[in-house]
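K.L.:
File structure-v7.pdb below, PDB, C-alpha atoms and all ligand atoms:
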ATOM      1  CA  MET A 210      46.926 -25.673   1.573
ATOM      2  CA  VAL A 211      45.724 -28.307  -0.903
ATOM      3  CA  ASN A 212      46.305 -31.947   0.099
ATOM      4  CA  ILE A 213      47.186 -33.400  -3.307
ATOM      5  CA  LYS A 214      46.709 -37.007  -2.166
ATOM      6  CA  ASN A 215      43.129 -36.246  -1.066
ATOM      7  CA  SER A 216      42.466 -34.402  -4.325
ATOM      8  CA  TRP A 217      43.632 -37.352  -6.444
ATOM      9  CA  ASN A 218      41.671 -39.762  -4.260
ATOM     10  CA  LYS A 219      38.547 -37.662  -4.823
ATOM     11  CA  ILE A 220      38.763 -37.452  -8.633
ATOM     12  CA  ALA A 221      40.362 -40.869  -9.388
ATOM     13  CA  HIS A 222      37.117 -42.493 -10.553
ATOM     14  CA  ASP A 223      36.016 -39.595 -12.817
ATOM     15  CA  TYR A 224      39.551 -38.979 -14.117
ATOM     16  CA  VAL A 225      40.102 -42.517 -15.377
ATOM     17  CA  ARG A 226      36.817 -42.504 -17.277
ATOM     18  CA  GLN A 227      37.052 -39.036 -18.763
ATOM     19  CA  TYR A 228      40.678 -39.226 -19.891
ATOM     20  CA  ASP A 229      40.334 -42.696 -21.423
ATOM     21  CA  ILE A 230      44.059 -43.499 -21.784
ATOM     22  CA  SER A 231      44.947 -46.484 -23.979
ATOM     23  CA  THR A 232      46.935 -49.456 -22.660
ATOM     24  CA  GLY A 233      47.876 -50.407 -26.232
ATOM     25  CA  THR A 234      51.125 -48.466 -26.038
ATOM     26  CA  ILE A 235      53.065 -46.342 -23.549
ATOM     27  CA  HIS A 236      51.845 -42.730 -23.361
ATOM     28  CA  TYR A 237      53.971 -39.654 -22.557
ATOM     29  CA  GLY A 238      51.316 -36.963 -22.181
ATOM     30  CA  PRO A 239      48.350 -35.176 -23.712
ATOM     31  CA  LEU A 240      48.357 -34.734 -27.501
ATOM     32  CA  CYS A 241      51.762 -36.459 -27.610
ATOM     33  CA  PRO A 242      52.569 -39.379 -29.912
ATOM     34  CA  GLY A 243      52.890 -42.655 -27.992
ATOM     35  CA  GLU A 244      55.751 -45.136 -27.844
ATOM     36  CA  ASP A 245      54.331 -46.890 -30.938
ATOM     37  CA  LYS A 246      55.312 -43.745 -32.896
ATOM     38  CA  LEU A 247      58.368 -42.474 -30.964
ATOM     39  CA  HIS A 248      60.252 -45.759 -30.322
ATOM     40  CA  LEU A 249      62.240 -44.420 -27.347
ATOM     41  CA  LEU A 250      62.320 -47.454 -25.027
ATOM     42  CA  GLY A 251      63.630 -50.384 -27.087
ATOM     43  CA  ASN A 252      62.852 -54.006 -26.253
ATOM     44  CA  LEU A 253      61.155 -54.205 -22.843
ATOM     45  CA  ARG A 254      61.031 -58.007 -22.518
ATOM     46  CA  ARG A 255      62.157 -59.070 -19.007
ATOM     47  CA  LYS A 256      63.308 -55.493 -18.240
ATOM     48  CA  LYS A 257      62.712 -54.310 -14.656
ATOM     49  CA  VAL A 258      60.662 -51.139 -14.956
ATOM     50  CA  LEU A 259      59.708 -48.687 -12.205
ATOM     51  CA  GLU A 260      56.829 -46.294 -12.857
ATOM     52  CA  LEU A 261      56.828 -43.166 -10.677
ATOM     53  CA  GLY A 262      53.339 -41.672 -10.265
ATOM     54  CA  CYS A 263      51.496 -44.427 -12.135
ATOM     55  CA  GLY A 264      47.976 -43.037 -11.645
ATOM     56  CA  ALA A 265      45.369 -45.526 -12.861
ATOM     57  CA  GLY A 266      48.057 -47.823 -14.257
ATOM     58  CA  GLN A 267      47.689 -47.514 -18.023
ATOM     59  CA  ASN A 268      51.443 -47.205 -18.619
ATOM     60  CA  ALA A 269      52.226 -49.931 -16.082
ATOM     61  CA  VAL A 270      49.844 -52.253 -17.946
ATOM     62  CA  ALA A 271      51.193 -51.235 -21.380
ATOM     63  CA  LEU A 272      54.752 -51.926 -20.165
ATOM     64  CA  ALA A 273      53.778 -55.308 -18.668
ATOM     65  CA  LYS A 274      52.012 -56.297 -21.910
ATOM     66  CA  GLN A 275      55.359 -55.825 -23.627
ATOM     67  CA  GLY A 276      57.021 -58.286 -21.256
ATOM     68  CA  ALA A 277      58.479 -55.891 -18.650
ATOM     69  CA  LYS A 278      58.464 -56.742 -14.925
ATOM     70  CA  VAL A 279      56.761 -53.636 -13.599
ATOM     71  CA  THR A 280      56.705 -51.979 -10.180
ATOM     72  CA  ALA A 281      54.353 -48.998 -10.134
ATOM     73  CA  ILE A 282      53.997 -46.366  -7.418
ATOM     74  CA  ASP A 283      51.468 -43.645  -6.699
ATOM     75  CA  LEU A 284      50.561 -41.445  -3.753
ATOM     76  CA  SER A 285      46.816 -41.981  -4.150
ATOM     77  CA  GLU A 286      45.188 -45.162  -2.820
ATOM     78  CA  ARG A 287      42.174 -44.645  -5.108
ATOM     79  CA  GLN A 288      44.378 -44.350  -8.195
ATOM     80  CA  ILE A 289      46.218 -47.548  -7.184
ATOM     81  CA  GLU A 290      42.840 -49.308  -6.718
ATOM     82  CA  GLN A 291      41.889 -48.321 -10.289
ATOM     83  CA  ALA A 292      45.293 -49.525 -11.492
ATOM     84  CA  MET A 293      44.894 -52.922  -9.790
ATOM     85  CA  VAL A 294      41.467 -53.431 -11.385
ATOM     86  CA  LEU A 295      42.927 -52.523 -14.796
ATOM     87  CA  ALA A 296      45.851 -54.944 -14.364
ATOM     88  CA  ASP A 297      43.380 -57.735 -13.454
ATOM     89  CA  GLN A 298      41.192 -56.945 -16.473
ATOM     90  CA  GLU A 299      44.223 -57.018 -18.757
ATOM     91  CA  ARG A 300      45.623 -60.169 -17.049
ATOM     92  CA  VAL A 301      49.053 -58.777 -16.223
ATOM     93  CA  ALA A 302      50.945 -59.062 -12.931
ATOM     94  CA  ILE A 303      52.288 -55.753 -11.578
ATOM     95  CA  ASP A 304      53.659 -54.819  -8.145
ATOM     96  CA  PHE A 305      51.772 -51.722  -7.017
ATOM     97  CA  PHE A 306      52.781 -49.580  -4.022
ATOM     98  CA  VAL A 307      51.159 -46.545  -2.429
ATOM     99  CA  SER A 308      54.010 -44.144  -1.712
ATOM    100  CA  ASP A 309      55.332 -40.645  -2.248
ATOM    101  CA  ILE A 310      57.869 -40.943  -5.083
ATOM    102  CA  SER A 311      60.277 -38.631  -3.220
ATOM    103  CA  LYS A 312      61.156 -41.601  -0.978
ATOM    104  CA  LEU A 313      61.248 -45.217  -2.148
ATOM    105  CA  PRO A 314      62.642 -47.295   0.743
ATOM    106  CA  ASP A 315      61.052 -50.515  -0.609
ATOM    107  CA  ILE A 316      62.914 -50.379  -3.927
ATOM    108  CA  PRO A 317      66.482 -51.758  -3.685
ATOM    109  CA  SER A 318      69.357 -49.717  -5.074
ATOM    110  CA  ALA A 319      70.660 -50.561  -8.573
ATOM    111  CA  SER A 320      67.741 -52.949  -9.266
ATOM    112  CA  ILE A 321      65.877 -51.212 -12.118
ATOM    113  CA  ASP A 322      66.572 -51.065 -15.891
ATOM    114  CA  LEU A 323      64.085 -48.334 -16.778
ATOM    115  CA  ALA A 324      62.342 -45.719 -14.615
ATOM    116  CA  ILE A 325      59.480 -43.807 -16.210
ATOM    117  CA  SER A 326      57.320 -40.953 -14.959
ATOM    118  CA  SER A 327      54.590 -39.355 -17.048
ATOM    119  CA  CYS A 328      52.487 -36.332 -16.064
ATOM    120  CA  SER A 329      53.236 -36.629 -12.344
ATOM    121  CA  ILE A 330      56.409 -34.691 -11.485
ATOM    122  CA  ALA A 331      54.715 -31.263 -11.473
ATOM    123  CA  PHE A 332      52.614 -32.420  -8.497
ATOM    124  CA  VAL A 333      55.680 -33.432  -6.474
ATOM    125  CA  LYS A 334      57.074 -30.836  -4.079
ATOM    126  CA  ASP A 335      60.461 -32.508  -3.554
ATOM    127  CA  PHE A 336      61.070 -33.436  -7.190
ATOM    128  CA  GLU A 337      64.847 -33.358  -6.646
ATOM    129  CA  SER A 338      64.497 -36.182  -4.116
ATOM    130  CA  SER A 339      62.429 -38.155  -6.682
ATOM    131  CA  PHE A 340      65.263 -37.768  -9.195
ATOM    132  CA  ARG A 341      67.779 -38.936  -6.569
ATOM    133  CA  GLU A 342      65.583 -41.976  -5.850
ATOM    134  CA  ALA A 343      65.255 -42.758  -9.573
ATOM    135  CA  PHE A 344      69.058 -42.528  -9.823
ATOM    136  CA  ARG A 345      69.630 -44.712  -6.740
ATOM    137  CA  THR A 346      67.239 -47.467  -7.834
ATOM    138  CA  LEU A 347      68.491 -47.643 -11.445
ATOM    139  CA  LYS A 348      71.261 -50.025 -12.448
ATOM    140  CA  PRO A 349      74.362 -48.370 -13.937
ATOM    141  CA  GLY A 350      73.486 -47.734 -17.600
ATOM    142  CA  GLY A 351      69.761 -47.603 -16.725
ATOM    143  CA  THR A 352      67.394 -45.076 -18.300
ATOM    144  CA  PHE A 353      65.031 -42.527 -16.755
ATOM    145  CA  VAL A 354      62.254 -41.218 -19.015
ATOM    146  CA  LEU A 355      60.510 -38.147 -17.610
ATOM    147  CA  SER A 356      57.554 -36.541 -19.377
ATOM    148  CA  ASP A 357      54.892 -34.005 -18.479
ATOM    149  CA  MET A 358      52.863 -31.071 -19.762
ATOM    150  CA  HIS A 359      55.114 -28.455 -21.365
ATOM    151  CA  PRO A 360      55.421 -25.307 -19.171
ATOM    152  CA  LEU A 361      54.541 -23.077 -22.137
ATOM    153  CA  GLN A 362      51.008 -24.493 -21.983
ATOM    154  CA  TYR A 363      50.523 -22.798 -18.603
ATOM    155  CA  ILE A 364      52.403 -19.588 -19.389
ATOM    156  CA  LEU A 365      50.461 -18.800 -22.551
ATOM    157  CA  ASP A 366      46.731 -18.837 -23.198
ATOM    158  CA  GLY A 367      45.348 -19.249 -26.706
ATOM    159  CA  GLY A 368      41.668 -19.666 -25.868
ATOM    160  CA  LYS A 369      40.500 -16.681 -27.864
ATOM    161  CA  GLY A 370      42.451 -17.577 -30.986
ATOM    162  CA  GLU A 371      45.395 -15.354 -30.121
ATOM    163  CA  MET A 372      48.251 -15.760 -27.646
ATOM    164  CA  SER A 373      48.103 -13.946 -24.307
ATOM    165  CA  PHE A 374      49.981 -14.458 -21.034
ATOM    166  CA  ASN A 375      48.456 -16.391 -18.129
ATOM    167  CA  HIS A 376      51.631 -16.531 -16.030
ATOM    168  CA  ILE A 377      55.168 -15.246 -16.105
ATOM    169  CA  PHE A 378      58.032 -17.564 -17.067
ATOM    170  CA  PRO A 379      59.008 -19.613 -13.960
ATOM    171  CA  HIS A 380      62.601 -18.403 -13.496
ATOM    172  CA  GLU A 381      61.887 -19.489  -9.925
ATOM    173  CA  PRO A 382      59.369 -22.366  -9.719
ATOM    174  CA  PHE A 383      56.011 -21.374  -8.262
ATOM    175  CA  LEU A 384      52.820 -23.077  -7.162
ATOM    176  CA  LEU A 385      49.702 -22.856  -9.328
ATOM    177  CA  LYS A 386      46.358 -23.340  -7.571
ATOM    178  CA  TRP A 387      43.293 -24.311  -9.570
ATOM    179  CA  SER A 388      40.280 -26.612  -9.421
ATOM    180  CA  TRP A 389      39.473 -29.718 -11.421
ATOM    181  CA  ASP A 390      35.809 -29.736 -12.446
ATOM    182  CA  PHE A 391      33.958 -32.843 -13.524
ATOM    183  CA  ARG A 392      30.415 -33.203 -14.720
ATOM    184  CA  ASP A 393      28.918 -36.646 -14.147
ATOM    185  CA  ARG A 394      25.565 -38.257 -13.517
ATOM    186  CA  ASN A 395      25.694 -37.039  -9.891
ATOM    187  CA  GLY A 396      26.090 -33.424 -10.986
ATOM    188  CA  ASN A 397      29.151 -31.206 -10.934
ATOM    189  CA  SER A 398      32.139 -31.606  -8.655
ATOM    190  CA  SER A 399      34.988 -29.181  -8.138
ATOM    191  CA  THR A 400      38.199 -30.344  -6.459
ATOM    192  CA  PRO A 401      41.027 -28.054  -5.336
ATOM    193  CA  PHE A 402      44.345 -28.843  -7.016
ATOM    194  CA  GLN A 403      47.851 -27.459  -7.190
ATOM    195  CA  HIS A 404      51.028 -28.139  -9.103
ATOM    196  CA  TYR A 405      54.429 -26.527  -9.500
ATOM    197  CA  LEU A 406      55.180 -24.537 -12.630
ATOM    198  CA  ARG A 407      58.867 -25.203 -13.351
ATOM    199  CA  SER A 408      61.000 -24.484 -16.386
ATOM    200  CA  LEU A 409      62.564 -27.237 -18.458
ATOM    201  CA  SER A 410      66.008 -25.982 -17.378
ATOM    202  CA  THR A 411      64.973 -26.520 -13.715
ATOM    203  CA  TYR A 412      64.239 -30.183 -14.480
ATOM    204  CA  HIS A 413      67.286 -30.591 -16.716
ATOM    205  CA  ASN A 414      69.668 -29.155 -14.125
ATOM    206  CA  ALA A 415      68.123 -31.200 -11.288
ATOM    207  CA  LEU A 416      68.589 -34.394 -13.332
ATOM    208  CA  VAL A 417      72.256 -33.503 -13.873
ATOM    209  CA  LYS A 418      72.635 -32.676 -10.151
ATOM    210  CA  ALA A 419      71.186 -36.113  -9.266
ATOM    211  CA  GLY A 420      73.956 -37.710 -11.352
ATOM    212  CA  PHE A 421      72.155 -38.340 -14.652
ATOM    213  CA  THR A 422      73.440 -37.657 -18.141
ATOM    214  CA  VAL A 423      70.531 -36.090 -20.029
ATOM    215  CA  GLU A 424      70.808 -37.664 -23.470
ATOM    216  CA  LYS A 425      67.790 -36.381 -25.337
ATOM    217  CA  MET A 426      64.861 -33.959 -25.020
ATOM    218  CA  LEU A 427      61.740 -34.034 -27.170
ATOM    219  CA  GLU A 428      58.983 -31.426 -27.572
ATOM    220  CA  PRO A 429      56.764 -33.317 -30.029
ATOM    221  CA  LYS A 430      54.285 -31.609 -32.311
ATOM    222  CA  ALA A 431      50.761 -32.017 -30.905
ATOM    223  CA  THR A 432      48.734 -34.802 -32.472
ATOM    224  CA  LEU A 433      45.153 -35.990 -32.009
ATOM    225  CA  ASN A 434      46.464 -39.503 -32.634
ATOM    226  CA  SER A 435      47.715 -39.877 -29.033
ATOM    227  CA  PRO A 436      47.086 -42.767 -26.594
ATOM    228  CA  HIS A 437      45.829 -40.014 -24.235
ATOM    229  CA  LYS A 438      42.451 -40.340 -26.024
ATOM    230  CA  GLY A 439      39.942 -38.532 -23.800
ATOM    231  CA  PHE A 440      42.325 -35.696 -23.010
ATOM    232  CA  SER A 441      42.961 -35.216 -26.705
ATOM    233  CA  LYS A 442      39.285 -34.688 -27.551
ATOM    234  CA  GLU A 443      38.682 -32.373 -24.615
ATOM    235  CA  ILE A 444      41.855 -30.336 -24.814
ATOM    236  CA  TRP A 445      41.708 -29.995 -28.566
ATOM    237  CA  LYS A 446      38.410 -28.119 -28.433
ATOM    238  CA  GLU A 447      39.576 -25.779 -25.688
ATOM    239  CA  TYR A 448      43.228 -25.375 -26.617
ATOM    240  CA  LYS A 449      43.197 -25.903 -30.376
ATOM    241  CA  TYR A 450      45.005 -22.637 -31.090
ATOM    242  CA  ILE A 451      47.774 -23.014 -28.507
ATOM    243  CA  ALA A 452      48.207 -26.768 -29.111
ATOM    244  CA  SER A 453      48.657 -26.252 -32.834
ATOM    245  CA  HIS A 454      51.361 -23.602 -32.213
ATOM    246  CA  LEU A 455      53.293 -24.984 -29.212
ATOM    247  CA  PRO A 456      54.330 -28.408 -27.869
ATOM    248  CA  VAL A 457      51.912 -29.775 -25.257
ATOM    249  CA  THR A 458      54.214 -32.419 -23.736
ATOM    250  CA  TYR A 459      57.971 -32.601 -23.158
ATOM    251  CA  ILE A 460      60.050 -35.770 -22.773
ATOM    252  CA  MET A 461      63.549 -35.968 -21.217
ATOM    253  CA  ILE A 462      65.625 -39.128 -21.538
ATOM    254  CA  SER A 463      68.486 -39.531 -19.066
ATOM    255  CA  LYS A 464      71.018 -42.259 -18.306
ATOM    256  CA  LYS A 465      72.696 -43.308 -15.092
ATOM    257  CA  PRO A 466      76.378 -43.529 -16.087
ATOM    258  CA  ARG A 467      77.943 -47.014 -16.062
TER     259      ARG A 467
HETATM  260  C1  LIG A 501      48.037 -36.834 -14.044
HETATM  261  S1  LIG A 501      48.224 -38.294 -13.081
HETATM  262  C2  LIG A 501      49.306 -39.184 -14.156
HETATM  263  C3  LIG A 501      49.226 -40.649 -13.975
HETATM  264  C4  LIG A 501      49.957 -41.496 -15.008
HETATM  265  N1  LIG A 501      51.393 -41.397 -14.892
HETATM  266  C5  LIG A 501      49.520 -41.141 -16.387
HETATM  267  O1  LIG A 501      50.309 -40.569 -17.147
HETATM  268  O2  LIG A 501      48.379 -41.469 -16.734
HETATM  269  C6  LIG A 501      49.297 -37.753 -11.786
HETATM  270  C7  LIG A 501      49.509 -38.792 -10.698
HETATM  271  O3  LIG A 501      50.588 -38.377  -9.852
HETATM  272  C8  LIG A 501      50.313 -38.855  -8.545
HETATM  273  N2  LIG A 501      51.157 -38.120  -7.595
HETATM  274  C9  LIG A 501      51.116 -36.811  -7.272
HETATM  275  N3  LIG A 501      52.061 -36.515  -6.368
HETATM  276  C10 LIG A 501      52.713 -37.662  -6.097
HETATM  277  C11 LIG A 501      53.788 -38.020  -5.238
HETATM  278  N4  LIG A 501      54.406 -37.093  -4.473
HETATM  279  N5  LIG A 501      54.194 -39.305  -5.202
HETATM  280  C12 LIG A 501      53.577 -40.248  -5.970
HETATM  281  N6  LIG A 501      52.568 -39.968  -6.828
HETATM  282  C13 LIG A 501      52.136 -38.691  -6.884
HETATM  283  C14 LIG A 501      48.834 -38.604  -8.374
HETATM  284  O4  LIG A 501      48.279 -39.358  -7.324
HETATM  285  C15 LIG A 501      48.306 -38.982  -9.771
HETATM  286  O5  LIG A 501      47.886 -40.326  -9.801
END
Once more with this new file: its structure as structure tokens, please.

P.N.:
Amino acid sequence: MVNIKNSWNKIAHDYVRQYDISTGTIHYGPLCPGEDKLHLLGNLRRKKVLELGCGAGQNAVALAKQGAKVTAIDLSERQIEQAMVLADQERVAIDFFVSDISKLPDIPSASIDLAISSCSIAFVKDFESSFREAFRTLKPGGTFVLSDMHPLQYILDGGKGEMSFNHIFPHEPFLLKWSWDFRDRNGNSSTPFQHYLRSLSTYHNALVKAGFTVEKMLEPKATLNSPHKGFSKEIWKEYKYIASHLPVTYIMISKKPR
């Protein structure tokens, strides 16, 4: 069984350098337009924002630069270390916590205006508990913005310039095991990874079950002009065919009823 915390700890340093994510705006996922283009979040000044699965902190920093009071949480100590260095470099104050986002005992109920989670939920086994925690911690009327890689990107393969199937459609979610390979000055490293392949309806229905009203879903056309800069260059070469035919990232915007 892969220990996902250990895997993220192992690749944190290489990941942050290779994927080169901008802090100039909020990002939603690979090859996806950023908040500067999509305008989904409104005025963030003095808003209390909770980031679930913050990784190396680029979104937390981008949110804080827009005046939000940010609490950011990640399972991996090494990712949080990277995030703290980034926040120092960018001279913003952010509360970082190491925690599994399925349980957030340190975050008071009804204290948050906006919860955001980008490219993390597929790694979380008990994602339904994460949605319940997002719901609990949000104020009535608060917003939860969930984004991640689109499941079609795993189901279909377009590497050879034509579509073929890698996996069946996840009518029942299943675990994908793979390895993340990095080449750096110390040579090659290969780290075992896993994530859950789930359909968009699985996420949609779990959000509704947690109490949310899902207000909007987006499946933006892939663009190279994404704040996910390093990923864009890399993925575009390898996945040009599939990325130009199918959405790479999905975004779901939900509200906690007043
Ligand atoms: C692909 S990174 C995304 C980071 C960031 N949100 C971004 O978009 O750049 C996924 C992150 O999810 C974190 N993660 C995975 N499972 C988690 C869990 N159960 N609770 C909290 N964080 C988790 C990992 O440690 C990793 O930093």

K.L.:
Can you work out which one of A:Phe383, A:Met358, A:Met461, A:Pro401 has the shortest atom-to-atom distance to Ala415 in chain A, counting all atoms listed in the file?

P.N.:
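Checking each of A:Phe383, A:Met358, A:Met461, A:Pro401 against Ala415 in chain A, counting all atoms listed in the file, the winner is A:Met461.
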
K.L.:
Distance limit 9 Å, reference ligand LIG 501 (chain A), atoms considered: all atoms listed in the file. Which residues make the cut? Give them as JSON, numbers by chain.

P.N.:
{"A": [213, 214, 215, 216, 217, 218, 221, 224, 225, 228, 230, 236, 237, 238, 239, 260, 261, 262, 263, 264, 265, 266, 267, 268, 269, 282, 283, 284, 285, 286, 287, 288, 289, 307, 308, 309, 310, 311, 312, 325, 326, 327, 328, 329, 330, 331, 332, 333, 334, 335, 336, 339, 356, 357, 404, 437]}

K.L.:
Please identify all polymer residues lying at most 9 Å from the point (47.5, -23.9, -8.7) (file coordinates), using only C-alpha atoms, and present the result as a list in words.

P.N.:
Phe383, Leu384, Leu385, Lys386, Trp387, Ser388, Pro401, Phe402, Gln403, His404, Tyr405 and Leu406 of chain A

K.L.:
I need the output of the PyMOL selection byres (((chain A and resi 410) around 12) and not hetatm) for this file as a list in words; which residues are they?

P.N.:
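Answer for the PyMOL selection byres (((chain A and resi 410) around 12) and not hetatm): His359, Pro360, Phe378, Pro379, His380, Glu381, Pro382, Leu406, Arg407, Ser408, Leu409, Thr411, Tyr412, His413, Asn414, Ala415, Leu416, Val417, Lys418, Val423, Met426, Tyr459 and Met461 of chain A.
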
K.L.:
Those same residues - C-alpha atoms - I'd like them written as an mmCIF file, in the frame of the given file.

P.N.:
data_model
loop_
_atom_site.group_PDB
_atom_site.id
_atom_site.type_symbol
_atom_site.label_atom_id
_atom_site.label_comp_id
_atom_site.auth_asym_id
_atom_site.auth_seq_id
_atom_site.Cartn_x
_atom_site.Cartn_y
_atom_site.Cartn_z
ATOM 1 C CA HIS A 359 55.114 -28.455 -21.365
ATOM 2 C CA PRO A 360 55.421 -25.307 -19.171
ATOM 3 C CA PHE A 378 58.032 -17.564 -17.067
ATOM 4 C CA PRO A 379 59.008 -19.613 -13.960
ATOM 5 C CA HIS A 380 62.601 -18.403 -13.496
ATOM 6 C CA GLU A 381 61.887 -19.489 -9.925
ATOM 7 C CA PRO A 382 59.369 -22.366 -9.719
ATOM 8 C CA LEU A 406 55.180 -24.537 -12.630
ATOM 9 C CA ARG A 407 58.867 -25.203 -13.351
ATOM 10 C CA SER A 408 61.000 -24.484 -16.386
ATOM 11 C CA LEU A 409 62.564 -27.237 -18.458
ATOM 12 C CA THR A 411 64.973 -26.520 -13.715
ATOM 13 C CA TYR A 412 64.239 -30.183 -14.480
ATOM 14 C CA HIS A 413 67.286 -30.591 -16.716
ATOM 15 C CA ASN A 414 69.668 -29.155 -14.125
ATOM 16 C CA ALA A 415 68.123 -31.200 -11.288
ATOM 17 C CA LEU A 416 68.589 -34.394 -13.332
ATOM 18 C CA VAL A 417 72.256 -33.503 -13.873
ATOM 19 C CA LYS A 418 72.635 -32.676 -10.151
ATOM 20 C CA VAL A 423 70.531 -36.090 -20.029
ATOM 21 C CA MET A 426 64.861 -33.959 -25.020
ATOM 22 C CA TYR A 459 57.971 -32.601 -23.158
ATOM 23 C CA MET A 461 63.549 -35.968 -21.217
#

K.L.:
For Gly368 in chain A, please output as number ranges by chain all residues within 9 Å (counting all atoms listed in the file; exclusion window: fewer than 6 positions along the same chain).

P.N.:
A: 447-451

K.L.:
What does the file look like for those residues with C-alpha atoms, as a short mmCIF file (atom, residue, chain, number, x, y, z; two decimals), in the frame of the given file?

P.N.:
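New file part.cif:
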data_model
loop_
_atom_site.label_atom_id
_atom_site.label_comp_id
_atom_site.auth_asym_id
_atom_site.auth_seq_id
_atom_site.Cartn_x
_atom_site.Cartn_y
_atom_site.Cartn_z
CA GLU A 447 39.58 -25.78 -25.69
CA TYR A 448 43.23 -25.38 -26.62
CA LYS A 449 43.20 -25.90 -30.38
CA TYR A 450 45.00 -22.64 -31.09
CA ILE A 451 47.77 -23.01 -28.51
#

K.L.:
Calculated over all atoms listed in the file, which of the candidates A:Ala452, A:Leu247, A:Ala281, A:Val457 has the smallest distance to Asp315 in chain A?

P.N.:
A:Ala281

K.L.:
Using the chain letters and residue numbers of this document, give as a ChimeraX atom specification the residues selected by the PyMOL selection byres (((chain A and resi 424) around 10) and not hetatm).

P.N.:
/A:352,421-423,425-426,461-464

K.L.:
For the selection you just gave me, I'd like the residues written to a file as a PDB file, in the coordinates of the input, keeping C-alpha atoms.

P.N.:
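Output below, filename part-v9.pdb:
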ATOM      1  CA  THR A 352      67.394 -45.076 -18.300  1.00  0.00           C
ATOM      2  CA  PHE A 421      72.155 -38.340 -14.652  1.00  0.00           C
ATOM      3  CA  THR A 422      73.440 -37.657 -18.141  1.00  0.00           C
ATOM      4  CA  VAL A 423      70.531 -36.090 -20.029  1.00  0.00           C
ATOM      5  CA  LYS A 425      67.790 -36.381 -25.337  1.00  0.00           C
ATOM      6  CA  MET A 426      64.861 -33.959 -25.020  1.00  0.00           C
ATOM      7  CA  MET A 461      63.549 -35.968 -21.217  1.00  0.00           C
ATOM      8  CA  ILE A 462      65.625 -39.128 -21.538  1.00  0.00           C
ATOM      9  CA  SER A 463      68.486 -39.531 -19.066  1.00  0.00           C
ATOM     10  CA  LYS A 464      71.018 -42.259 -18.306  1.00  0.00           C
TER      11      LYS A 464
END

K.L.:
Between CA of Leu240 in chain A and CA of Ala271 in chain A, what distance in Å does the model show, to one decimal?

P.N.:
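A separation of 17.8 Å between them.
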
K.L.:
Report, in Å with one decimal, the straight-line distance from CA of Ile460 in chain A to CA of Thr432 in chain A.

P.N.:
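Result for CA of Ile460 in chain A versus CA of Thr432 in chain A: 14.9 Å, one decimal.
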
K.L.:
When you draw a straight line from CA of Lys430 in chain A to CA of Pro456 in chain A, how long is it in Å?

P.N.:
5.5 Å

K.L.:
Point out the residue among A:Leu272, A:Ala431, A:Leu313, A:Val294 with the least atom-to-atom distance to His454 in chain A, counting all atoms listed in the file.

P.N.:
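Ranking A:Leu272, A:Ala431, A:Leu313, A:Val294 by distance to His454 in chain A, first place goes to A:Ala431.
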
K.L.:
Assuming the input is short of atoms at range 431-442 of chain A, produce N, CA and C atoms for that part as a compact mmCIF listing (two decimals), in the frame of the given file.

P.N.:
# COMPACT_ATOMS: atom_id res chain seq x y z
N ALA A 431 52.02 -31.46 -31.42
CA ALA A 431 50.76 -32.02 -30.90
C ALA A 431 50.05 -32.83 -31.98
N THR A 432 49.49 -33.95 -31.55
CA THR A 432 48.73 -34.80 -32.47
C THR A 432 47.45 -35.29 -31.80
N LEU A 433 46.39 -35.41 -32.58
CA LEU A 433 45.15 -35.99 -32.01
C LEU A 433 45.27 -37.50 -31.93
N ASN A 434 46.27 -38.05 -32.61
CA ASN A 434 46.46 -39.50 -32.63
C ASN A 434 47.38 -39.92 -31.47
N SER A 435 46.93 -39.61 -30.24
CA SER A 435 47.72 -39.88 -29.03
C SER A 435 47.00 -40.95 -28.21
N PRO A 436 47.76 -41.80 -27.48
CA PRO A 436 47.09 -42.77 -26.59
C PRO A 436 46.29 -42.10 -25.47
N HIS A 437 46.56 -40.80 -25.23
CA HIS A 437 45.83 -40.01 -24.24
C HIS A 437 44.50 -39.60 -24.88
N LYS A 438 43.57 -40.57 -25.10
CA LYS A 438 42.45 -40.34 -26.02
C LYS A 438 41.45 -39.29 -25.54
N GLY A 439 40.97 -39.45 -24.30
CA GLY A 439 39.94 -38.53 -23.80
C GLY A 439 40.47 -37.12 -23.67
N PHE A 440 41.71 -37.01 -23.18
CA PHE A 440 42.32 -35.70 -23.01
C PHE A 440 42.43 -35.00 -24.37
N SER A 441 42.79 -35.79 -25.38
CA SER A 441 42.96 -35.22 -26.70
C SER A 441 41.68 -34.54 -27.17
N LYS A 442 40.55 -35.25 -27.05
CA LYS A 442 39.28 -34.69 -27.55
C LYS A 442 38.95 -33.41 -26.79
